[in-house]
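Engineer: One file is attached below, entry.csv, containing CSV, C-alpha atoms.
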```
chain,number,residue,atom,x,y,z
A,1,MET,CA,-41.3,-28.5,30.7
A,2,ARG,CA,-38.8,-28.4,33.6
A,3,ARG,CA,-40.6,-28.7,36.9
A,4,TYR,CA,-39.1,-28.0,40.3
A,5,LYS,CA,-40.6,-28.7,43.7
A,6,ILE,CA,-40.2,-25.8,46.1
A,7,ALA,CA,-40.8,-25.9,49.8
A,8,ALA,CA,-41.9,-22.4,51.0
A,9,ILE,CA,-41.4,-21.6,54.7
A,10,PRO,CA,-42.3,-18.0,55.2
A,11,ALA,CA,-42.1,-18.4,59.0
A,12,ASP,CA,-42.1,-15.1,61.0
A,13,GLY,CA,-42.5,-11.3,60.7
A,14,ILE,CA,-42.0,-9.9,57.2
A,15,GLY,CA,-41.0,-13.3,56.0
A,16,THR,CA,-44.6,-14.0,55.2
A,17,GLU,CA,-44.9,-10.8,53.2
A,18,VAL,CA,-41.7,-11.2,51.2
A,19,ILE,CA,-42.0,-14.9,50.4
A,20,GLU,CA,-45.4,-14.2,49.0
A,21,ALA,CA,-43.9,-11.4,46.9
A,22,GLY,CA,-41.1,-13.7,45.8
A,23,LEU,CA,-43.4,-16.5,44.7
A,24,GLU,CA,-45.5,-14.0,42.7
A,25,VAL,CA,-42.5,-12.8,40.8
A,26,LEU,CA,-41.2,-16.4,40.2
A,27,ASN,CA,-44.6,-17.5,38.9
A,28,THR,CA,-44.7,-14.5,36.6
A,29,LEU,CA,-41.3,-15.4,35.3
A,30,ALA,CA,-42.3,-19.0,34.8
A,31,ALA,CA,-45.5,-18.1,32.9
A,32,ARG,CA,-43.5,-15.7,30.7
A,33,ASP,CA,-40.8,-18.3,29.9
A,34,GLY,CA,-43.0,-21.3,29.5
A,35,GLY,CA,-40.0,-23.6,29.9
A,36,PHE,CA,-40.1,-24.2,33.6
A,37,ALA,CA,-42.7,-24.4,36.4
A,38,LEU,CA,-42.6,-24.4,40.1
A,39,GLU,CA,-44.7,-26.8,42.3
A,40,VAL,CA,-44.8,-25.0,45.6
A,41,GLU,CA,-45.9,-26.5,48.9
A,42,HIS,CA,-46.3,-24.1,51.9
A,43,PHE,CA,-45.1,-25.2,55.4
A,44,PRO,CA,-46.7,-23.4,58.4
A,45,TRP,CA,-43.6,-23.7,60.6
A,46,SER,CA,-43.2,-20.5,62.5
A,47,SER,CA,-43.0,-19.1,66.0
A,48,ASP,CA,-46.8,-19.0,66.2
A,49,TYR,CA,-46.8,-22.7,65.2
A,50,TYR,CA,-44.2,-23.3,68.0
A,51,LEU,CA,-46.3,-21.6,70.6
A,52,GLN,CA,-49.3,-23.8,69.6
A,53,HIS,CA,-47.5,-27.1,69.2
A,54,GLY,CA,-44.3,-26.9,71.3
A,55,HIS,CA,-42.0,-27.4,68.3
A,56,TYR,CA,-41.1,-25.7,65.0
A,57,ILE,CA,-40.6,-28.8,62.9
A,58,PRO,CA,-42.9,-31.7,63.5
A,59,LYS,CA,-41.8,-35.2,63.6
A,60,GLY,CA,-40.8,-36.3,60.1
A,61,GLY,CA,-40.6,-32.8,58.9
A,62,LEU,CA,-37.0,-32.9,57.7
A,63,GLU,CA,-37.7,-36.1,55.8
A,64,ARG,CA,-40.5,-34.4,54.0
A,65,LEU,CA,-38.2,-31.5,53.0
A,66,LYS,CA,-35.8,-33.9,51.4
A,67,GLN,CA,-38.3,-34.5,48.7
A,68,PHE,CA,-37.9,-30.9,47.4
A,69,ASP,CA,-35.5,-29.4,44.9
A,70,ALA,CA,-35.1,-26.2,47.0
A,71,ILE,CA,-36.3,-24.5,50.1
A,72,PHE,CA,-37.5,-20.8,50.0
A,73,PHE,CA,-37.3,-19.5,53.5
A,74,GLY,CA,-38.5,-16.2,54.9
A,75,ALA,CA,-37.2,-15.4,58.4
A,76,VAL,CA,-37.4,-16.8,61.9
A,77,GLY,CA,-37.7,-14.8,65.1
A,78,SER,CA,-40.4,-13.6,67.4
A,79,GLN,CA,-40.7,-11.3,70.3
A,80,GLU,CA,-42.6,-14.0,72.1
A,81,VAL,CA,-39.9,-16.7,71.7
A,82,PRO,CA,-36.2,-16.4,72.8
A,83,ASP,CA,-33.9,-16.1,69.8
A,84,HIS,CA,-31.8,-19.1,70.6
A,85,ILE,CA,-34.9,-21.3,70.7
A,86,SER,CA,-36.3,-20.0,67.4
A,87,LEU,CA,-33.0,-20.2,65.6
A,88,TRP,CA,-32.1,-23.7,66.8
A,89,GLY,CA,-35.8,-24.8,66.4
A,90,LEU,CA,-36.1,-24.0,62.7
A,91,ARG,CA,-33.3,-22.6,60.6
A,92,LEU,CA,-30.3,-24.4,62.0
A,93,PRO,CA,-31.9,-27.9,62.0
A,94,ILE,CA,-32.5,-27.4,58.3
A,95,ALA,CA,-29.1,-25.9,57.5
A,96,GLN,CA,-27.1,-28.4,59.6
A,97,GLY,CA,-29.4,-31.4,59.0
A,98,PHE,CA,-29.0,-30.9,55.2
A,99,ASP,CA,-25.3,-30.2,55.4
A,100,GLN,CA,-25.8,-26.7,53.8
A,101,TYR,CA,-22.2,-25.8,54.7
A,102,ALA,CA,-21.7,-23.1,52.1
A,103,ASN,CA,-23.5,-19.9,52.8
A,104,VAL,CA,-23.2,-17.5,49.8
A,105,ARG,CA,-24.0,-13.8,50.2
A,106,PRO,CA,-23.3,-11.5,47.2
A,107,ALA,CA,-23.2,-7.7,47.8
A,108,ARG,CA,-23.2,-4.8,45.3
A,109,VAL,CA,-25.0,-1.5,44.9
A,110,LEU,CA,-27.9,-2.0,42.6
A,111,PRO,CA,-28.8,0.7,40.1
A,112,GLY,CA,-30.6,3.7,41.6
A,113,VAL,CA,-29.6,2.7,45.1
A,114,LYS,CA,-27.4,5.0,47.2
A,115,SER,CA,-24.7,3.5,49.4
A,116,PRO,CA,-23.7,5.3,52.6
A,117,LEU,CA,-20.1,5.2,51.2
A,118,HIS,CA,-18.9,7.9,48.7
A,119,ASN,CA,-17.2,5.0,46.8
A,120,GLY,CA,-20.0,2.6,47.3
A,121,LYS,CA,-20.1,1.7,43.6
A,122,ASP,CA,-16.8,-0.1,44.2
A,123,ILE,CA,-18.7,-2.7,46.2
A,124,ASP,CA,-18.8,-6.0,44.3
A,125,TRP,CA,-18.3,-8.8,46.8
A,126,VAL,CA,-19.2,-12.4,47.4
A,127,ILE,CA,-19.0,-13.4,51.1
A,128,ILE,CA,-18.6,-17.2,51.6
A,129,ARG,CA,-19.6,-18.2,55.1
A,130,GLU,CA,-18.8,-21.6,56.6
A,131,ASN,CA,-22.3,-22.6,57.6
A,132,SER,CA,-22.0,-25.9,59.5
A,133,GLU,CA,-19.5,-25.6,62.4
A,134,GLY,CA,-17.2,-23.0,63.8
A,135,GLU,CA,-18.7,-20.8,66.5
A,136,TYR,CA,-22.3,-22.0,65.7
A,137,ALA,CA,-21.6,-25.7,66.1
A,138,GLY,CA,-23.8,-25.8,69.2
A,139,HIS,CA,-21.1,-27.2,71.5
A,140,GLY,CA,-20.8,-25.9,75.1
A,141,GLY,CA,-23.0,-25.8,78.1
A,142,ARG,CA,-23.9,-24.2,81.4
A,143,ALA,CA,-23.4,-25.4,85.0
A,144,HIS,CA,-24.3,-24.2,88.5
A,145,LYS,CA,-27.1,-22.0,87.1
A,146,GLY,CA,-28.1,-19.1,89.3
A,147,LEU,CA,-25.1,-19.5,91.6
A,148,PRO,CA,-22.1,-17.2,92.0
A,149,ILE,CA,-20.0,-19.8,90.4
A,150,GLU,CA,-22.2,-20.2,87.3
A,151,VAL,CA,-20.3,-20.9,84.2
A,152,GLY,CA,-21.2,-20.9,80.5
A,153,THR,CA,-19.0,-22.2,77.7
A,154,GLU,CA,-19.3,-21.8,74.0
A,155,THR,CA,-16.9,-24.0,72.0
A,156,ALA,CA,-16.0,-23.2,68.4
A,157,VAL,CA,-15.5,-26.4,66.4
A,158,PHE,CA,-13.2,-26.5,63.4
A,159,THR,CA,-12.7,-29.8,61.6
A,160,ARG,CA,-10.2,-30.4,58.8
A,161,ALA,CA,-12.9,-31.7,56.6
A,162,GLY,CA,-15.2,-28.8,57.3
A,163,VAL,CA,-12.5,-26.1,56.9
A,164,GLU,CA,-11.0,-27.7,53.7
A,165,ARG,CA,-14.3,-28.0,51.9
A,166,ILE,CA,-15.4,-24.4,52.6
A,167,HIS,CA,-12.0,-23.1,51.5
A,168,ARG,CA,-12.1,-25.2,48.3
A,169,PHE,CA,-15.6,-23.9,47.6
A,170,ALA,CA,-14.5,-20.3,48.1
A,171,PHE,CA,-11.6,-20.9,45.7
A,172,GLU,CA,-14.0,-22.3,43.1
A,173,GLN,CA,-16.2,-19.2,43.4
A,174,ALA,CA,-13.2,-17.0,43.0
A,175,MET,CA,-12.2,-18.8,39.8
A,176,LYS,CA,-15.6,-17.9,38.3
A,177,ARG,CA,-15.0,-14.2,38.9
A,178,PRO,CA,-13.1,-11.8,36.6
A,179,ARG,CA,-10.6,-10.7,39.2
A,180,LYS,CA,-10.0,-14.2,40.7
A,181,GLN,CA,-9.2,-12.8,44.1
A,182,LEU,CA,-9.9,-14.4,47.5
A,183,THR,CA,-9.5,-12.8,50.9
A,184,LEU,CA,-9.1,-15.1,53.9
A,185,VAL,CA,-10.7,-13.6,57.0
A,186,THR,CA,-9.2,-14.8,60.3
A,187,LYS,CA,-8.5,-14.0,63.9
A,188,SER,CA,-5.6,-16.4,64.5
A,189,ASN,CA,-3.6,-13.8,66.4
A,190,ALA,CA,-6.0,-14.3,69.3
A,191,GLN,CA,-7.7,-17.6,68.6
A,192,ARG,CA,-4.5,-19.7,68.4
A,193,PHE,CA,-5.8,-23.2,67.8
A,194,GLY,CA,-8.9,-23.6,65.5
A,195,MET,CA,-8.2,-20.4,63.6
A,196,VAL,CA,-4.5,-21.2,63.1
A,197,MET,CA,-5.7,-24.5,61.6
A,198,TRP,CA,-8.2,-22.5,59.5
A,199,ASP,CA,-5.2,-20.4,58.1
A,200,GLU,CA,-3.0,-23.4,57.5
A,201,ILE,CA,-5.6,-25.3,55.6
A,202,PHE,CA,-6.3,-22.3,53.4
A,203,ALA,CA,-2.6,-22.1,52.5
A,204,GLU,CA,-2.7,-25.8,51.6
A,205,VAL,CA,-5.8,-25.5,49.4
A,206,ALA,CA,-4.4,-22.3,47.7
A,207,LYS,CA,-1.6,-24.5,46.1
A,208,ASP,CA,-4.3,-26.1,44.0
A,209,TYR,CA,-5.5,-22.7,42.6
A,210,PRO,CA,-2.4,-20.8,41.5
A,211,GLU,CA,-4.6,-18.6,39.3
A,212,VAL,CA,-6.3,-17.1,42.3
A,213,LYS,CA,-4.7,-14.1,44.0
A,214,THR,CA,-5.0,-14.4,47.8
A,215,ASN,CA,-4.6,-12.2,50.8
A,216,ARG,CA,-5.2,-12.6,54.6
A,217,GLU,CA,-6.9,-10.1,56.8
A,218,LEU,CA,-7.9,-10.1,60.5
A,219,VAL,CA,-11.7,-9.8,60.9
A,220,ASP,CA,-11.5,-6.5,62.7
A,221,ALA,CA,-9.2,-5.1,60.0
A,222,VAL,CA,-11.4,-6.3,57.2
A,223,THR,CA,-14.3,-4.2,58.5
A,224,THR,CA,-12.3,-1.0,58.0
A,225,ARG,CA,-11.2,-2.3,54.6
A,226,MET,CA,-14.8,-2.8,53.5
A,227,VAL,CA,-15.6,0.8,54.4
A,228,LEU,CA,-12.4,2.6,53.3
A,229,LYS,CA,-11.2,0.4,50.4
A,230,PRO,CA,-14.1,-1.6,49.1
A,231,GLN,CA,-12.5,-1.9,45.7
A,232,THR,CA,-9.7,-4.1,47.1
A,233,LEU,CA,-12.1,-6.9,48.0
A,234,ASP,CA,-13.7,-9.5,45.8
A,235,VAL,CA,-14.5,-13.0,47.2
A,236,ILE,CA,-14.2,-13.2,51.0
A,237,VAL,CA,-14.2,-16.5,53.0
A,238,ALA,CA,-14.8,-16.4,56.8
A,239,THR,CA,-16.1,-18.5,59.7
A,240,ASN,CA,-19.7,-18.9,60.7
A,241,LEU,CA,-19.7,-16.0,63.1
A,242,HIS,CA,-17.3,-13.7,61.3
A,243,ALA,CA,-19.1,-14.0,58.0
A,244,ASP,CA,-22.5,-13.6,59.7
A,245,ILE,CA,-21.4,-10.2,60.9
A,246,LEU,CA,-19.5,-9.1,57.8
A,247,SER,CA,-22.4,-9.9,55.5
A,248,ASP,CA,-24.8,-7.7,57.4
A,249,LEU,CA,-22.2,-4.9,57.1
A,250,ALA,CA,-21.9,-5.6,53.4
A,251,ALA,CA,-25.7,-5.3,52.9
A,252,ALA,CA,-25.8,-2.1,54.9
A,253,LEU,CA,-23.0,-0.6,52.9
A,254,SER,CA,-24.8,-1.7,49.7
A,255,GLY,CA,-27.8,0.5,50.7
A,256,SER,CA,-30.0,-1.6,53.0
A,257,LEU,CA,-30.5,-5.0,54.7
A,258,GLY,CA,-33.6,-5.2,52.5
A,259,ILE,CA,-31.3,-5.9,49.5
A,260,GLY,CA,-29.1,-8.7,50.7
A,261,PRO,CA,-29.7,-12.3,49.5
A,262,THR,CA,-28.5,-15.6,50.9
A,263,ALA,CA,-28.0,-19.1,49.5
A,264,ASN,CA,-27.4,-21.9,52.0
A,265,LEU,CA,-25.9,-24.5,49.7
A,266,ASN,CA,-25.2,-28.2,49.9
A,267,PRO,CA,-22.9,-28.1,46.9
A,268,GLU,CA,-22.9,-31.9,46.4
A,269,ARG,CA,-26.7,-31.8,46.1
A,270,ASP,CA,-27.2,-34.7,48.5
A,271,PHE,CA,-29.9,-32.5,50.1
A,272,PRO,CA,-32.0,-29.6,49.0
A,273,SER,CA,-30.4,-26.1,49.5
A,274,MET,CA,-32.2,-23.3,51.2
A,275,PHE,CA,-32.5,-19.7,50.0
A,276,GLU,CA,-33.4,-16.8,52.3
A,277,PRO,CA,-33.2,-13.0,52.4
A,278,ILE,CA,-30.7,-11.6,54.9
A,279,HIS,CA,-33.0,-9.1,56.7
A,280,GLY,CA,-34.6,-11.2,59.4
A,281,SER,CA,-38.1,-10.9,60.8
A,282,ALA,CA,-38.1,-7.0,61.1
A,283,PHE,CA,-40.8,-6.7,63.8
A,284,ASP,CA,-40.8,-3.0,63.6
A,285,ILE,CA,-42.4,-3.0,60.1
A,286,THR,CA,-44.2,-6.3,60.1
A,287,GLY,CA,-47.8,-6.0,58.7
A,288,LYS,CA,-47.2,-2.5,57.4
A,289,GLY,CA,-46.7,-3.6,53.8
A,290,ILE,CA,-43.5,-1.7,53.3
A,291,ALA,CA,-40.9,-4.5,53.6
A,292,ASN,CA,-38.4,-4.3,50.8
A,293,PRO,CA,-38.8,-7.5,48.7
A,294,THR,CA,-35.6,-6.9,46.7
A,295,ALA,CA,-33.5,-9.2,48.9
A,296,THR,CA,-36.1,-12.0,48.3
A,297,PHE,CA,-36.1,-11.4,44.5
A,298,TRP,CA,-32.3,-11.6,44.4
A,299,THR,CA,-32.5,-14.7,46.6
A,300,ALA,CA,-35.0,-16.2,44.1
A,301,ALA,CA,-32.4,-15.5,41.4
A,302,LEU,CA,-29.8,-17.4,43.4
A,303,MET,CA,-32.3,-20.3,43.7
A,304,LEU,CA,-32.9,-20.3,40.0
A,305,GLU,CA,-29.1,-20.4,39.3
A,306,HIS,CA,-28.8,-23.4,41.6
A,307,LEU,CA,-31.6,-25.2,39.8
A,308,GLY,CA,-29.8,-24.7,36.5
A,309,GLU,CA,-32.0,-21.8,35.3
A,310,ALA,CA,-29.1,-19.3,34.7
A,311,GLU,CA,-30.9,-17.4,32.0
A,312,GLU,CA,-34.0,-17.0,34.0
A,313,ALA,CA,-32.0,-15.9,37.0
A,314,ARG,CA,-30.4,-13.2,34.7
A,315,ARG,CA,-33.8,-12.1,33.5
A,316,LEU,CA,-35.1,-11.8,37.0
A,317,MET,CA,-32.1,-9.7,38.1
A,318,GLU,CA,-32.5,-7.5,35.0
A,319,ALA,CA,-36.1,-6.8,36.1
A,320,VAL,CA,-35.1,-6.1,39.7
A,321,GLU,CA,-32.3,-3.7,38.6
A,322,ALA,CA,-34.7,-1.9,36.2
A,323,VAL,CA,-37.1,-1.3,39.0
A,324,THR,CA,-34.5,-0.1,41.5
A,325,ALA,CA,-33.0,2.2,38.7
A,326,SER,CA,-36.5,3.7,38.2
A,327,GLY,CA,-36.5,5.1,41.7
A,328,LEU,CA,-39.4,3.0,43.0
A,329,HIS,CA,-38.0,2.4,46.4
A,330,THR,CA,-39.4,1.2,49.7
A,331,PRO,CA,-38.8,3.4,52.9
A,332,ASP,CA,-35.6,1.6,53.8
A,333,LEU,CA,-34.1,3.1,50.6
A,334,GLY,CA,-35.6,6.5,51.2
A,335,GLY,CA,-38.8,6.0,49.1
A,336,THR,CA,-42.5,5.6,49.7
A,337,ALA,CA,-43.3,2.5,47.7
A,338,THR,CA,-45.0,-0.5,49.2
A,339,THR,CA,-44.0,-4.1,49.0
A,340,ALA,CA,-46.9,-4.7,46.6
A,341,GLN,CA,-45.9,-1.8,44.3
A,342,VAL,CA,-42.3,-3.0,44.0
A,343,THR,CA,-43.5,-6.5,43.3
A,344,ARG,CA,-46.0,-5.4,40.7
A,345,ALA,CA,-43.3,-3.3,39.0
A,346,VAL,CA,-41.0,-6.3,38.7
A,347,CYS,CA,-43.8,-8.5,37.4
A,348,ASP,CA,-44.8,-5.8,34.9
A,349,TYR,CA,-41.2,-5.6,33.6
A,350,LEU,CA,-41.1,-9.4,33.2
A,351,GLN,CA,-44.3,-9.5,31.4
A,352,GLY,CA,-43.3,-6.6,29.1
```
How does the structure come out when it is put into structure tokens?
Structural biologist:
Amino acid sequence: MRRYKIAAIPADGIGTEVIEAGLEVLNTLAARDGGFALEVEHFPWSSDYYLQHGHYIPKGGLERLKQFDAIFFGAVGSQEVPDHISLWGLRLPIAQGFDQYANVRPARVLPGVKSPLHNGKDIDWVIIRENSEGEYAGHGGRAHKGLPIEVGTETAVFTRAGVERIHRFAFEQAMKRPRKQLTLVTKSNAQRFGMVMWDEIFAEVAKDYPEVKTNRELVDAVTTRMVLKPQTLDVIVATNLHADILSDLAAALSGSLGIGPTANLNPERDFPSMFEPIHGSAFDITGKGIANPTATFWTAALMLEHLGEAEEARRLMEAVEAVTASGLHTPDLGGTATTAQVTRAVCDYLQG
């Protein structure tokens, strides 16, 4: 039997609810298949943990995580902890510490789900986000705090190695798709140093992939293209900040943030990769039992693909799509179903 060690970090808000649902579905799938099993260890790292202990990740925590095949992550963020502290305290130390430089966010309208776009069925995208540097590199500072001359700087960092590897990864993903199309998202008209280099390296890498059709779009222009001409896009590669924003738009255009999955990959597999739904902590619905677990199920399918269980990932998505097609929807999709009801329906389909 194929065994995989999974580190589960539900963290904050609805993260605790959807990770529980995701593990229930994964265990149901494993029991049905009989060919693989998950050994799950739960980590209590969260904002409550931070408020009790003064840190999110205890000493030696990252070394412990290295022992796992994958990380199943919920969401981090609390109304009691400033966002920059929670993000840099938990998610980013894992993503950057494990060199998870390729953030992959697919988007499409699932069966039975209504897009706010009249042509929403044309959405079938994969957004590739550079996940280790750029605008979220953590470089900058503040001086003269509280004085009239106070200054704050935020420095975007683009390295040739970092830019080349994400472009090459994006081209490889485009090669796997039927249309073999890749859109470069940039803002080099205004950001004339790092982003010009971003464009130039893309052109260099493109020479190694003559089968891939490429085009270039400014980040503001691509938002209108996503809304007005979704059928013209396929794989999209963008910087850390730009892709962060675009992927939320993609999920909303697909019907709900409760649908969008994420894979934070270390493609070389030197470290475990991390898989998380896109929706965040969602304080407004925490504890109500109505969080949409679909994003977590899709995220679990991405995790299975990464672990080499492509057929099991396909079966899981088949179950998810059967349930969305049935009309059993949580409130974010206009329905009245609970998290538990959607989870049970997916499990029942898998067992059937």
Engineer: Can you work out which one of A:Glu204, A:Glu154, A:Glu80, A:Asp69 has the shortest atom-to-atom distance to Leu51 (chain A), counting only C-alpha atoms?
Structural biologist: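 Of A:Glu204, A:Glu154, A:Glu80, A:Asp69, the one nearest Leu51 (chain A) is A:Glu80, counting only C-alpha atoms.
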Engineer: Would you please work out which residue, of A:Leu90, A:Ala75, A:Met317, A:Met274, is nearest to Met303 (chain A) when using only C-alpha atoms?
Structural biologist: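 Smallest distance to Met303 (chain A) is found for A:Met274.
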Engineer: Considering only C-alpha atoms, return as a list in words whatever protein or nucleic-acid residues lie within 9 Å of Pro116 (chain A), sequence-local ones (same chain, fewer than 4 positions apart) excluded.
Structural biologist: Gly120, Ala252, Leu253, Ser254 and Gly255 of chain A
Engineer: Considering only C-alpha atoms, state which residue in the set A:Ala11, A:Ala170, A:Ala291, A:Ile94 is at the smallest distance from Ile128 (chain A).
Structural biologist: A:Ala170
Engineer: Smallest atom-to-atom distance to Asn27 (chain A): which of A:Glu135, A:Glu321, A:Glu312, A:Asp12, using all atoms listed in the file?
Structural biologist: A:Glu312
Engineer: Please indicate the distance in Å from CA of Lys180 (chain A) to CA of Trp125 (chain A), rounded to one decimal place.
Structural biologist: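 Atom-to-atom, CA of Lys180 (chain A) and CA of Trp125 (chain A) are spaced 11.6 Å apart.
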Engineer: Between A:Ile19, A:Ala31, A:Ala7, A:Leu246, which is the closest to Val227 (chain A) once you count all atoms listed in the file?
Structural biologist: A:Leu246
Engineer: Hey, what's within 12 Å of Gly34 (chain A) if we count all atoms listed in the file and toss same-chain stuff fewer than 6 positions away? As a list in words, please?
Structural biologist: Met1, Arg2, Arg3, Leu26, Asn27, Thr28 and Glu312 of chain A
Engineer: Point out the residue among A:His42, A:Arg344, A:His118, A:Arg165 with the least atom-to-atom distance to Ala319 (chain A), counting only C-alpha atoms.
Structural biologist: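 Ranking A:His42, A:Arg344, A:His118, A:Arg165 by distance to Ala319 (chain A), first place goes to A:Arg344.
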Engineer: Please report as a tab-separated table every residue of region 194-266 of chain A lying within 7 Å of region 297-302 of chain A, along with the nearest atom pair and their distance in Å (one decimal), using only C-alpha atoms.
Structural biologist:
```
residue	atom	partner	partner_atom	distance
A:Pro261	CA	A:Thr299	CA	4.7
A:Thr262	CA	A:Thr299	CA	5.9
A:Ala263	CA	A:Leu302	CA	6.6
```
Engineer: Between CA of Thr324 (chain A) and CA of Ile123 (chain A), measure the distance and give it in Å to one decimal.
Structural biologist: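 Rounded to one decimal, the two atoms are 16.7 Å apart.
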Engineer: What gap, in Å, lies between CA of Gly287 (chain A) and CA of Glu17 (chain A)?
Structural biologist: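 These atoms are spaced 7.9 Å apart.
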Engineer: Contacts of Asp220 (chain A) at 10 Å or less, counting all atoms listed in the file, minus same-chain residues fewer than 6 places along, as an mmCIF file with C-alpha atoms, keeping the file's coordinate frame?
Structural biologist:
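Once everything was written out, this is out_26.cif:
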```
data_model
loop_
_atom_site.group_PDB
_atom_site.id
_atom_site.type_symbol
_atom_site.label_atom_id
_atom_site.label_comp_id
_atom_site.auth_asym_id
_atom_site.auth_seq_id
_atom_site.Cartn_x
_atom_site.Cartn_y
_atom_site.Cartn_z
ATOM 1 C CA VAL A 185 -10.700 -13.600 57.000
ATOM 2 C CA THR A 186 -9.200 -14.800 60.300
ATOM 3 C CA LYS A 187 -8.500 -14.000 63.900
ATOM 4 C CA HIS A 242 -17.300 -13.700 61.300
ATOM 5 C CA LEU A 246 -19.500 -9.100 57.800
#
```
Engineer: Mind checking which residues fall within 7 Å of region 61-66 of chain A, counting only C-alpha atoms, ignoring those fewer than 4 positions away in the same chain, and posting them as a list in words?
Structural biologist: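 Selected residues are Ala7, Ile57, Phe271 and Pro272 of chain A.
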Engineer: Counting all atoms listed in the file, what is within 12 Å of Ile290 (chain A), bar same-chain residues fewer than 4 positions away, as a PyMOL selection string?
Structural biologist: chain A and resi 14+17-18+21+258+282-286+294+329-343
